[in-house]
$ cat input_27.csv   # CSV, C-alpha atoms
chain,number,residue,atom,x,y,z
D,1,MET,CA,117.3,119.7,91.6
D,2,TRP,CA,117.1,116.4,89.6
D,3,ASP,CA,114.9,116.4,86.5
D,4,ILE,CA,112.9,113.2,86.5
D,5,LYS,CA,110.6,112.0,83.7
D,6,MET,CA,107.9,109.6,84.6
D,7,ASN,CA,107.4,107.2,81.7
D,8,TYR,CA,106.5,104.0,83.5
D,9,ALA,CA,102.9,104.2,84.8
D,10,GLN,CA,102.5,100.6,83.8
D,11,TYR,CA,104.8,99.5,86.7
D,12,SER,CA,104.1,99.4,90.4
D,13,CYS,CA,104.9,102.6,92.3
D,14,ILE,CA,108.3,101.6,93.5
D,15,ASN,CA,109.4,100.0,90.2
D,16,SER,CA,108.2,103.0,88.2
D,17,LEU,CA,110.3,105.3,90.4
D,18,ILE,CA,113.4,103.1,90.1
D,19,ALA,CA,113.0,102.9,86.4
D,20,ALA,CA,112.6,106.7,86.2
D,21,TYR,CA,115.7,107.1,88.4
D,22,CYS,CA,117.7,104.7,86.1
D,23,GLU,CA,116.6,106.7,83.0
D,24,SER,CA,117.7,109.9,84.6
D,25,ILE,CA,121.3,108.6,84.9
D,26,HIS,CA,121.2,106.7,81.6
D,27,ARG,CA,121.3,103.2,83.0
D,28,ASP,CA,118.9,100.3,82.1
D,29,HIS,CA,116.4,99.2,84.7
D,30,GLN,CA,115.0,96.0,83.2
D,31,MET,CA,117.2,93.5,85.0
D,32,LEU,CA,115.4,94.6,88.2
D,33,PHE,CA,112.6,92.5,86.9
D,34,SER,CA,114.6,89.4,86.3
D,35,MET,CA,112.9,87.3,89.0
D,36,LEU,CA,109.7,89.2,89.1
D,37,LEU,CA,107.5,86.4,87.8
D,38,ASN,CA,106.9,84.6,91.1
D,39,GLY,CA,104.1,83.6,93.4
D,40,ARG,CA,103.1,81.3,96.2
D,41,TYR,CA,99.8,79.8,97.1
D,42,GLN,CA,98.8,80.5,100.8
D,43,PRO,CA,95.9,78.1,101.5
D,44,HIS,CA,95.7,79.2,105.2
D,45,LYS,CA,94.5,82.7,104.3
D,46,GLN,CA,90.8,83.4,104.7
D,47,LEU,CA,90.2,85.6,101.7
D,48,VAL,CA,90.8,84.2,98.2
D,49,GLY,CA,92.4,87.5,97.2
D,50,ASP,CA,95.0,87.0,99.9
D,51,ARG,CA,95.7,83.3,99.1
D,52,PHE,CA,98.3,84.2,96.5
D,53,ALA,CA,101.5,86.1,97.5
D,54,ILE,CA,103.9,87.7,95.1
D,55,ASN,CA,107.2,89.3,95.8
D,56,ASP,CA,107.0,92.4,93.8
D,57,TYR,CA,108.6,94.8,96.3
D,58,LEU,CA,112.3,94.9,95.8
D,59,PRO,CA,113.0,91.2,95.4
D,60,PRO,CA,116.6,90.6,96.4
D,61,GLU,CA,117.4,88.7,93.2
D,62,GLY,CA,116.2,91.7,91.2
D,63,LEU,CA,118.3,94.1,93.2
D,64,HIS,CA,121.3,91.8,92.8
D,65,SER,CA,120.8,91.8,89.0
D,66,LEU,CA,120.4,95.6,88.9
D,67,ALA,CA,123.8,95.9,90.6
D,68,ALA,CA,125.5,93.3,88.4
D,69,PHE,CA,124.1,94.4,85.1
D,70,SER,CA,123.5,98.1,85.5
D,71,GLY,CA,125.9,99.0,88.3
D,72,ILE,CA,123.2,100.4,90.6
D,73,GLU,CA,123.1,99.4,94.2
D,74,LEU,CA,120.3,100.2,96.6
D,75,GLN,CA,120.9,100.5,100.3
D,76,MET,CA,118.2,101.0,102.8
D,77,THR,CA,118.7,103.2,105.9
D,78,HIS,CA,116.4,104.3,108.6
D,79,ALA,CA,116.0,108.1,109.0
D,80,ASP,CA,114.2,108.6,112.1
D,81,ASP,CA,115.0,112.1,113.2
D,82,GLU,CA,115.0,115.5,111.5
D,83,GLN,CA,118.7,116.2,111.8
D,84,GLN,CA,119.7,112.8,110.5
D,85,LEU,CA,117.3,113.1,107.5
D,86,LYS,CA,118.4,116.6,106.7
D,87,GLN,CA,122.1,115.6,106.7
D,88,LEU,CA,121.5,112.5,104.6
D,89,LEU,CA,119.4,114.4,102.0
D,90,THR,CA,121.8,117.2,101.7
D,91,GLU,CA,124.7,114.8,101.1
D,92,ARG,CA,123.0,112.3,98.9
D,93,LEU,CA,120.9,114.6,96.7
D,94,GLN,CA,124.1,116.0,95.3
D,95,ALA,CA,125.0,112.6,93.8
D,96,ALA,CA,121.5,111.3,92.9
D,97,PRO,CA,117.8,111.4,93.6
D,98,VAL,CA,116.8,109.6,96.8
D,99,LEU,CA,114.0,107.0,97.1
D,100,PHE,CA,111.9,107.5,100.2
D,101,SER,CA,109.5,105.0,101.7
D,102,GLY,CA,107.3,106.0,104.5
D,103,ASP,CA,103.9,106.8,105.9
D,104,VAL,CA,101.7,108.9,103.7
D,105,PHE,CA,99.6,110.2,106.6
D,106,ASN,CA,101.2,113.6,106.4
D,107,ILE,CA,101.5,113.9,102.6
D,108,PRO,CA,99.0,116.6,101.7
D,109,TRP,CA,98.4,115.7,98.0
D,110,ASN,CA,97.5,112.1,98.9
D,111,SER,CA,93.9,111.2,98.9
D,112,ILE,CA,94.1,109.7,102.3
D,113,TYR,CA,95.9,112.6,103.8
D,114,ARG,CA,95.5,112.6,107.6
D,115,GLN,CA,92.9,109.8,107.4
D,116,GLU,CA,94.9,106.6,107.1
D,117,HIS,CA,98.4,105.3,107.6
D,118,MET,CA,99.8,103.6,104.6
D,119,LEU,CA,103.3,102.8,103.3
D,120,HIS,CA,104.1,104.6,100.0
D,121,VAL,CA,107.2,105.5,98.0
D,122,LEU,CA,108.4,108.9,96.7
D,123,LEU,CA,111.5,109.9,94.8
D,124,PHE,CA,113.1,113.0,96.3
D,125,THR,CA,114.7,115.2,93.7
D,126,GLY,CA,115.8,118.2,95.7
D,127,TYR,CA,115.9,119.8,99.1
D,128,ASP,CA,116.0,123.5,100.0
D,129,GLU,CA,117.4,124.0,103.4
D,130,GLU,CA,116.3,127.6,103.8
D,131,SER,CA,112.6,126.8,103.2
D,132,ASP,CA,112.9,123.2,104.6
D,133,LEU,CA,111.1,122.0,101.5
D,134,ILE,CA,111.8,118.7,99.8
D,135,SER,CA,110.9,118.4,96.1
D,136,CYS,CA,109.6,115.0,95.0
D,137,VAL,CA,107.9,112.9,92.5
D,138,ASP,CA,105.0,110.6,93.4
D,139,ALA,CA,104.3,107.8,91.0
D,140,LEU,CA,100.5,108.1,91.7
D,141,SER,CA,100.4,111.8,90.6
D,142,THR,CA,103.1,112.4,88.1
D,143,ASP,CA,101.8,115.7,86.6
D,144,ILE,CA,103.7,118.0,88.9
D,145,TYR,CA,106.6,118.1,91.3
D,146,HIS,CA,105.4,118.1,94.8
D,147,THR,CA,107.0,119.7,97.8
D,148,ILE,CA,106.7,118.8,101.5
D,149,SER,CA,108.5,120.1,104.5
D,150,LEU,CA,111.1,117.8,106.1
D,151,ARG,CA,109.6,118.6,109.5
D,152,GLN,CA,106.2,117.4,108.4
D,153,LEU,CA,107.7,114.2,107.0
D,154,VAL,CA,109.6,113.0,110.0
D,155,GLU,CA,106.6,112.9,112.2
D,156,TYR,CA,106.0,109.3,111.1
D,157,PRO,CA,108.3,106.3,110.7
D,158,GLN,CA,110.2,106.2,107.4
D,159,TYR,CA,113.3,105.0,105.7
D,160,LEU,CA,115.4,106.0,102.8
D,161,MET,CA,116.6,103.9,100.0
D,162,LEU,CA,119.8,105.3,98.7
D,163,PHE,CA,121.1,104.5,95.2
D,164,PHE,CA,124.8,104.1,94.6
D,165,THR,CA,125.9,104.2,91.0
D,166,GLY,CA,129.2,102.5,90.2
D,167,PRO,CA,130.9,102.1,86.9
D,168,SER,CA,128.7,100.8,84.1
D,169,PRO,CA,129.3,97.1,83.7
D,170,GLN,CA,129.5,95.6,80.2
D,171,PRO,CA,127.8,92.2,80.5
D,172,THR,CA,128.2,89.8,77.6
D,173,PRO,CA,125.1,88.3,75.8
D,174,GLU,CA,126.0,85.0,77.5
D,175,GLN,CA,125.7,86.6,80.9
D,176,TYR,CA,122.2,87.9,80.0
D,177,LEU,CA,121.3,84.4,78.8
D,178,CYS,CA,122.6,82.8,82.0
D,179,ALA,CA,120.4,85.3,84.0
D,180,LEU,CA,117.3,84.1,82.0
D,181,GLN,CA,118.3,80.5,82.4
D,182,ARG,CA,118.6,81.0,86.2
D,183,ASN,CA,115.2,82.7,86.2
D,184,VAL,CA,113.5,79.9,84.2
D,185,ASP,CA,115.1,77.2,86.5
D,186,THR,CA,113.8,79.1,89.5
D,187,LEU,CA,110.3,79.4,88.0
D,188,VAL,CA,110.2,75.6,87.4
D,189,GLN,CA,111.7,74.7,90.8
D,190,SER,CA,109.3,76.9,92.7
D,191,LYS,CA,106.4,75.2,91.0
D,192,PHE,CA,105.0,78.5,89.9
D,193,LEU,CA,102.5,77.0,87.5
D,194,GLU,CA,101.2,74.6,90.1
D,195,GLU,CA,101.0,77.3,92.8
D,196,ARG,CA,98.9,79.5,90.5
D,197,ASP,CA,96.7,76.7,89.4
D,198,ARG,CA,95.9,76.0,93.1
D,199,TRP,CA,94.9,79.6,93.5
D,200,PHE,CA,92.9,79.6,90.3
D,201,ALA,CA,90.9,76.6,91.7
D,202,ASP,CA,89.8,78.8,94.6
D,203,ILE,CA,88.8,81.6,92.2
D,204,ARG,CA,86.8,79.1,90.2
D,205,ALA,CA,85.1,77.9,93.3
D,206,LEU,CA,83.9,81.3,94.5
D,207,THR,CA,80.2,81.4,95.0
D,208,ASP,CA,80.0,84.4,97.1
D,209,PHE,CA,82.0,87.7,97.1
D,210,GLU,CA,80.6,88.9,100.5
D,211,PRO,CA,83.7,88.0,102.6
D,212,GLU,CA,86.0,89.5,100.0
D,213,THR,CA,84.2,92.8,99.8
D,214,ALA,CA,83.2,93.2,103.5
D,215,GLY,CA,84.8,96.2,105.1
D,216,TYR,CA,85.9,97.8,101.9
D,217,LYS,CA,84.6,101.2,101.1
D,218,ASN,CA,85.1,100.8,97.4
D,219,LEU,CA,86.0,98.0,94.9
D,220,TYR,CA,89.6,99.3,94.6
D,221,GLY,CA,90.3,97.9,98.0
D,222,VAL,CA,88.9,94.4,97.4
D,223,PRO,CA,91.8,92.0,97.9
D,224,LEU,CA,91.1,89.8,94.9
D,225,LEU,CA,90.9,92.7,92.4
D,226,TYR,CA,93.9,94.3,94.1
D,227,MET,CA,95.9,91.1,93.7
D,228,LEU,CA,95.0,90.8,90.0
D,229,LYS,CA,96.0,94.4,89.5
D,230,ARG,CA,99.4,93.6,91.1
D,231,ILE,CA,99.8,90.6,88.9
D,232,ASP,CA,99.0,92.7,85.9
D,233,MET,CA,101.9,95.1,86.8
D,234,GLN,CA,104.1,92.2,87.7
D,235,GLN,CA,103.6,90.6,84.3
D,236,ILE,CA,104.0,93.8,82.3
D,237,SER,CA,107.3,94.4,84.0
D,238,TYR,CA,108.4,90.9,83.4
D,239,CYS,CA,107.6,91.2,79.7
D,240,ASP,CA,109.8,94.3,79.5
D,241,PHE,CA,112.6,92.1,81.1
D,242,LEU,CA,112.1,89.4,78.4
D,243,GLN,CA,112.1,92.0,75.6
D,244,TYR,CA,115.3,93.4,77.0
D,245,ILE,CA,116.9,89.9,77.2
D,246,GLY,CA,115.9,89.4,73.6
D,247,GLN,CA,117.6,92.6,72.5
D,248,LYS,CA,120.7,91.8,74.5
D,249,THR,CA,121.1,88.1,73.4
D,250,GLY,CA,119.4,88.0,70.0
D,251,LEU,CA,117.2,85.2,71.4
D,252,ASP,CA,113.9,85.1,69.5
D,253,LEU,CA,111.4,85.6,72.3
D,254,SER,CA,108.6,86.8,70.1
D,255,ALA,CA,106.3,83.7,70.4
D,256,VAL,CA,106.7,83.7,74.2
D,257,LEU,CA,106.0,87.4,74.4
D,258,GLU,CA,103.0,87.1,72.2
D,259,SER,CA,101.6,84.4,74.6
D,260,PHE,CA,102.4,86.7,77.5
D,261,TYR,CA,100.5,89.7,75.9
D,262,GLN,CA,97.6,87.4,75.4
D,263,MET,CA,97.7,86.2,79.0
D,264,ASN,CA,97.9,89.8,80.2
D,265,LYS,CA,94.8,90.6,78.2
D,266,ARG,CA,93.0,87.6,79.7
D,267,PHE,CA,93.9,88.8,83.2
D,268,LEU,CA,92.4,92.2,82.4
D,269,ASN,CA,89.2,90.4,81.1
D,270,LEU,CA,89.1,88.4,84.4
D,271,ARG,CA,89.5,91.5,86.6
D,272,LEU,CA,86.7,93.3,84.8
D,273,TYR,CA,84.5,90.1,84.8
D,274,LEU,CA,85.0,89.7,88.6
D,275,ALA,CA,84.3,93.4,89.2
D,276,LYS,CA,81.0,93.0,87.2
D,277,GLU,CA,80.1,89.9,89.2
D,278,ILE,CA,80.7,91.9,92.4
D,279,VAL,CA,78.8,95.1,91.5
D,280,SER,CA,75.9,93.2,90.0
D,281,LYS,CA,75.9,90.7,92.9
D,282,LYS,CA,75.4,87.9,90.3
D,283,VAL,CA,77.8,85.0,90.5
D,284,ALA,CA,78.6,83.7,87.1
D,285,PRO,CA,81.3,81.0,87.5
D,286,ALA,CA,81.2,79.7,83.9
D,287,GLY,CA,82.8,82.8,82.3
D,288,ARG,CA,85.4,83.0,85.1
D,289,ALA,CA,86.3,79.3,84.5
D,290,ALA,CA,86.6,79.9,80.8
D,291,LEU,CA,89.1,82.8,81.3
D,292,LEU,CA,91.1,80.9,83.9
D,293,ASP,CA,91.3,77.8,81.6
D,294,GLU,CA,92.8,80.1,78.9
D,295,ILE,CA,95.2,81.8,81.3
D,296,SER,CA,96.3,78.4,82.6
D,297,ARG,CA,96.9,77.2,79.0
D,298,LEU,CA,98.8,80.4,78.1
D,299,GLN,CA,101.1,80.3,81.2
D,300,ARG,CA,102.0,76.7,80.5
D,301,SER,CA,102.9,77.6,76.9
D,302,ILE,CA,105.0,80.5,78.2
D,303,VAL,CA,107.0,78.4,80.7
D,304,SER,CA,107.5,75.6,78.3
D,305,GLY,CA,108.5,78.1,75.6
D,306,LEU,CA,111.1,79.7,77.9
D,307,GLN,CA,112.4,76.3,78.9
D,308,ALA,CA,112.9,75.3,75.3
D,309,LEU,CA,114.6,78.5,74.4
D,310,THR,CA,117.0,78.6,77.4
D,311,LYS,CA,118.0,75.0,76.8
D,312,THR,CA,118.9,75.6,73.2
D,313,GLY,CA,119.9,79.2,73.6
D,314,GLU,CA,118.8,79.8,70.0
D,315,ARG,CA,119.7,83.1,68.5
D,316,SER,CA,117.7,84.7,65.7
S,1,MET,CA,72.0,110.2,62.5
S,2,LYS,CA,71.5,108.6,65.9
S,3,HIS,CA,72.5,105.0,66.2
S,4,ALA,CA,70.1,102.4,67.6
S,5,TYR,CA,70.4,102.1,71.4
S,6,ASP,CA,72.1,105.5,71.6
S,7,THR,CA,69.5,107.1,73.8
S,8,GLU,CA,69.3,104.1,76.2
S,9,VAL,CA,73.1,103.9,76.5
S,10,ARG,CA,73.4,107.6,77.3
S,11,GLN,CA,70.8,107.1,80.0
S,12,LEU,CA,72.8,104.3,81.5
S,13,LEU,CA,76.0,106.3,81.3
S,14,THR,CA,74.3,109.3,83.0
S,15,THR,CA,73.3,107.1,85.9
S,16,VAL,CA,76.6,105.3,86.2
S,17,LEU,CA,78.8,108.4,85.8
S,18,GLN,CA,76.4,110.8,87.6
S,19,ALA,CA,76.9,113.3,84.8
S,20,ASP,CA,74.7,114.4,82.0
S,21,MET,CA,75.8,112.4,79.0
S,22,THR,CA,73.0,113.3,76.6
S,23,ALA,CA,75.0,115.7,74.5
S,24,VAL,CA,78.4,114.0,74.6
S,25,ASP,CA,79.9,113.2,71.1
S,26,ALA,CA,79.5,109.5,70.4
S,27,GLY,CA,83.1,109.1,69.4
S,28,GLU,CA,84.6,110.9,72.5
S,29,PRO,CA,86.6,108.7,74.9
S,30,LEU,CA,84.6,108.1,78.0
S,31,ASP,CA,87.5,107.8,80.4
S,32,GLN,CA,87.6,111.6,80.6
S,33,TYR,CA,84.1,111.5,82.1
S,34,GLY,CA,85.3,109.1,84.8
S,35,LEU,CA,84.7,105.7,83.1
S,36,GLY,CA,87.3,103.8,85.1
S,37,SER,CA,87.4,100.1,85.6
S,38,ILE,CA,84.8,100.1,88.4
S,39,ALA,CA,82.3,102.3,86.6
S,40,LEU,CA,82.8,100.2,83.6
S,41,ALA,CA,82.0,97.0,85.5
S,42,LEU,CA,78.8,98.7,86.7
S,43,LEU,CA,78.0,99.8,83.2
S,44,LEU,CA,78.5,96.3,81.8
S,45,ALA,CA,76.2,94.8,84.4
S,46,GLN,CA,73.5,97.4,83.6
S,47,ILE,CA,73.9,96.8,79.8
S,48,GLU,CA,73.4,93.1,80.3
S,49,ASP,CA,70.2,93.8,82.3
S,50,ALA,CA,68.8,96.5,80.1
S,51,PHE,CA,69.4,94.9,76.8
S,52,SER,CA,69.1,91.2,77.9
S,53,ILE,CA,72.4,90.3,76.4
S,54,GLU,CA,75.4,88.5,77.8
S,55,ILE,CA,78.8,90.0,77.4
S,56,ASP,CA,81.4,87.5,76.4
S,57,PRO,CA,84.1,87.2,79.2
S,58,PHE,CA,86.7,87.4,76.5
S,59,GLU,CA,85.3,90.7,75.3
S,60,MET,CA,85.5,92.3,78.7
S,61,ASP,CA,87.9,94.9,77.6
S,62,SER,CA,87.8,98.6,78.2
S,63,ALA,CA,88.8,99.1,74.5
S,64,ASN,CA,85.4,97.6,73.4
S,65,PHE,CA,83.5,100.1,75.5
S,66,SER,CA,85.6,103.2,75.4
S,67,THR,CA,83.0,105.4,73.5
S,68,ILE,CA,79.3,105.6,73.2
S,69,GLN,CA,79.7,104.6,69.5
S,70,LYS,CA,81.6,101.4,70.5
S,71,ILE,CA,79.1,100.5,73.1
S,72,THR,CA,76.1,100.9,70.8
S,73,ASP,CA,77.9,99.0,68.1
S,74,TYR,CA,78.6,96.2,70.5
S,75,ILE,CA,75.0,96.0,71.6
S,76,ARG,CA,73.8,96.0,68.1
S,77,CYS,CA,76.1,93.1,67.1
S,78,LYS,CA,74.9,91.1,70.1
S,79,LYS,CA,71.3,91.7,69.4
S,80,GLU,CA,71.7,90.8,65.7
S,81,LEU,CA,73.3,87.4,66.6
$ encode --input "input_27.csv" --output "structure tokens"
Amino acid sequence: MWDIKMNYAQYSCINSLIAAYCESIHRDHQMLFSMLLNGRYQPHKQLVGDRFAINDYLPPEGLHSLAAFSGIELQMTHADDEQQLKQLLTERLQAAPVLFSGDVFNIPWNSIYRQEHMLHVLLFTGYDEESDLISCVDALSTDIYHTISLRQLVEYPQYLMLFFTGPSPQPTPEQYLCALQRNVDTLVQSKFLEERDRWFADIRALTDFEPETAGYKNLYGVPLLYMLKRIDMQQISYCDFLQYIGQKTGLDLSAVLESFYQMNKRFLNLRLYLAKEIVSKKVAPAGRAALLDEISRLQRSIVSGLQALTKTGERS
Amino acid sequence: MKHAYDTEVRQLLTTVLQADMTAVDAGEPLDQYGLGSIALALLLAQIEDAFSIEIDPFEMDSANFSTIQKITDYIRCKKEL
């Protein structure tokens, strides 16, 4: 059975499991986050929380970078029947842990066990054919290894993500710098700042949280708070990528990272401020606007700082 | 010695966390009593109402409200302004 350490609670479920997997085979995971800072404004969506979309679930550019810089490829395959899944697990678990994505309806330790259908990710670390039990790690409850029977798991649709680890590449500092340059170019071309500012304008204009909260049993489900939480994880992961690039290239990213940490803090302030507005049912747009102004200023300084650094490629 | 606002803060926490907070050490982290982000939001709203203060949006940080001591210190600073 594979021994997995979970040290990445600050990442999203899937990213924390991939990072844990990489650590278990002594490979770096940070290039997975190379294009993680992204986002698109979706004005047609009814709820403000849904009007910003981020691609934080296995973005193809991130997977490509993970393959190129760490020698790890991820392939997805459907595993719809018990026999097929059993065969795949028996084969693949000898070489590496296996990432599983599927419905949590039948996963007993999950809080919505047999209540709701929801896509979730687990890392399989072992399979015992005799007892039919799969050992796995769940990013949402990392304290123990869980076990689940394969028969129970196949009742609902799922697929496996299989890691293939090749020889460890030895990228040069220039290649890391090129990856950052590509990333910054994409950030500018995609009008990331403008897209976020358009979304922020909607958040500023909120005068009523009723539509956002309707139908949600608790605040954890409110789309706006959920999106801010996802952005928080997205930005923390991206900071790790920047730090890593700094180590690999000697580029002095300290000023950019400092602005990033400040911005992350303001996002946390904003999330708590919005939650307070929602629970108290008191709309207070002035504080919201002050935080968004500051976030806007910081993100501009981050992007311009990155542009300046990648143009000059200055080493410390 | 009890800090100013200690009793009132404990009462608010008892309501928000639905647990008796009267004997909890003032320096003990409140997350172990279930003070997550949603409970904290509720607590902040109640602090504003109960003490007639306005919490600065830039100070909306769980670190500022992680213990009874920190909460009472924060309220005292605001009231003395």
$ interface_residues --input "input_27.csv" --of "chain D" --to "chain S" --cutoff "8 Å" --atoms "only C-alpha atoms" --output "VMD selection string"
chain D and resid 219 to 220 266 268 to 270 272 to 273 275 to 277 279 to 280 287 to 288 290 to 291
$ residues_around --input "input_27.csv" --residues "D:Asp197" --least-positions-apart "2" --cutoff "12 Å" --atoms "all atoms listed in the file" --output "PDB file with C-alpha atoms, in the frame of the given file"
ATOM      1  CA  GLY D  39     104.100  83.600  93.400  1.00  0.00           C
ATOM      2  CA  ARG D  40     103.100  81.300  96.200  1.00  0.00           C
ATOM      3  CA  TYR D  41      99.800  79.800  97.100  1.00  0.00           C
ATOM      4  CA  ARG D  51      95.700  83.300  99.100  1.00  0.00           C
ATOM      5  CA  PHE D  52      98.300  84.200  96.500  1.00  0.00           C
ATOM      6  CA  LYS D 191     106.400  75.200  91.000  1.00  0.00           C
ATOM      7  CA  PHE D 192     105.000  78.500  89.900  1.00  0.00           C
ATOM      8  CA  LEU D 193     102.500  77.000  87.500  1.00  0.00           C
ATOM      9  CA  GLU D 194     101.200  74.600  90.100  1.00  0.00           C
ATOM     10  CA  GLU D 195     101.000  77.300  92.800  1.00  0.00           C
ATOM     11  CA  TRP D 199      94.900  79.600  93.500  1.00  0.00           C
ATOM     12  CA  PHE D 200      92.900  79.600  90.300  1.00  0.00           C
ATOM     13  CA  ALA D 201      90.900  76.600  91.700  1.00  0.00           C
ATOM     14  CA  ASP D 202      89.800  78.800  94.600  1.00  0.00           C
ATOM     15  CA  ILE D 203      88.800  81.600  92.200  1.00  0.00           C
ATOM     16  CA  ARG D 204      86.800  79.100  90.200  1.00  0.00           C
ATOM     17  CA  ALA D 289      86.300  79.300  84.500  1.00  0.00           C
ATOM     18  CA  LEU D 292      91.100  80.900  83.900  1.00  0.00           C
ATOM     19  CA  ASP D 293      91.300  77.800  81.600  1.00  0.00           C
ATOM     20  CA  GLU D 294      92.800  80.100  78.900  1.00  0.00           C
ATOM     21  CA  ILE D 295      95.200  81.800  81.300  1.00  0.00           C
ATOM     22  CA  SER D 296      96.300  78.400  82.600  1.00  0.00           C
ATOM     23  CA  ARG D 297      96.900  77.200  79.000  1.00  0.00           C
ATOM     24  CA  GLN D 299     101.100  80.300  81.200  1.00  0.00           C
ATOM     25  CA  ARG D 300     102.000  76.700  80.500  1.00  0.00           C
TER      26      ARG D 300
END
$ residues_near_point --input "input_27.csv" --point "(111.9, 85.8, 80.4)" --cutoff "10 Å" --atoms "all atoms listed in the file" --output "PyMOL selection string"
chain D and resi 33-37+177+179-181+183-184+238-246+253+256-257+260+302-303+305-307+309-310
$ residues_near_point --input "input_27.csv" --point "(107.2, 93.9, 86.8)" --cutoff "12 Å" --atoms "all atoms listed in the file" --output "number ranges by chain"
D: 8-16, 18-19, 29-38, 54-59, 62, 229-242
$ residues_around --input "input_27.csv" --residues "S:Asp25" --least-positions-apart "3" --cutoff "9 Å" --atoms "only C-alpha atoms" --output "number ranges by chain"
S: 21-22, 28-29, 67-69
$ atom_distance --input "input_27.csv" --atom1 "atom CA of S:Gln32" --atom2 "atom CA of D:Ile112"
22.7 Å
$ residues_around --input "input_27.csv" --residues "D:Asp50" --least-positions-apart "2" --cutoff "10 Å" --atoms "all atoms listed in the file" --output "PyMOL selection string"
chain D and resi 41-48+52-53+199+212+222-224+226-227
$ residues_around --input "input_27.csv" --residues "D:Cys136" --least-positions-apart "2" --cutoff "6 Å" --atoms "all atoms listed in the file" --output "ChimeraX atom specification"
/D:123-125,145-146
$ residues_around --input "input_27.csv" --residues "S:Lys70" --least-positions-apart "4" --cutoff "12 Å" --atoms "all atoms listed in the file" --output "MDAnalysis selection string"
chainID S and resid 3:6 9 25:30 61:66 74:77
$ atom_distance --input "input_27.csv" --atom1 "atom CA of D:Thr90" --atom2 "atom CA of D:Ile134"
10.3 Å
$ atom_distance --input "input_27.csv" --atom1 "atom CA of D:Leu225" --atom2 "atom CA of S:Leu12"
24.1 Å
$ closest_residue --input "input_27.csv" --among "S:Leu13, S:Val24, S:Ala19, S:Ile53" --to "S:Lys79" --atoms "only C-alpha atoms"
S:Ile53
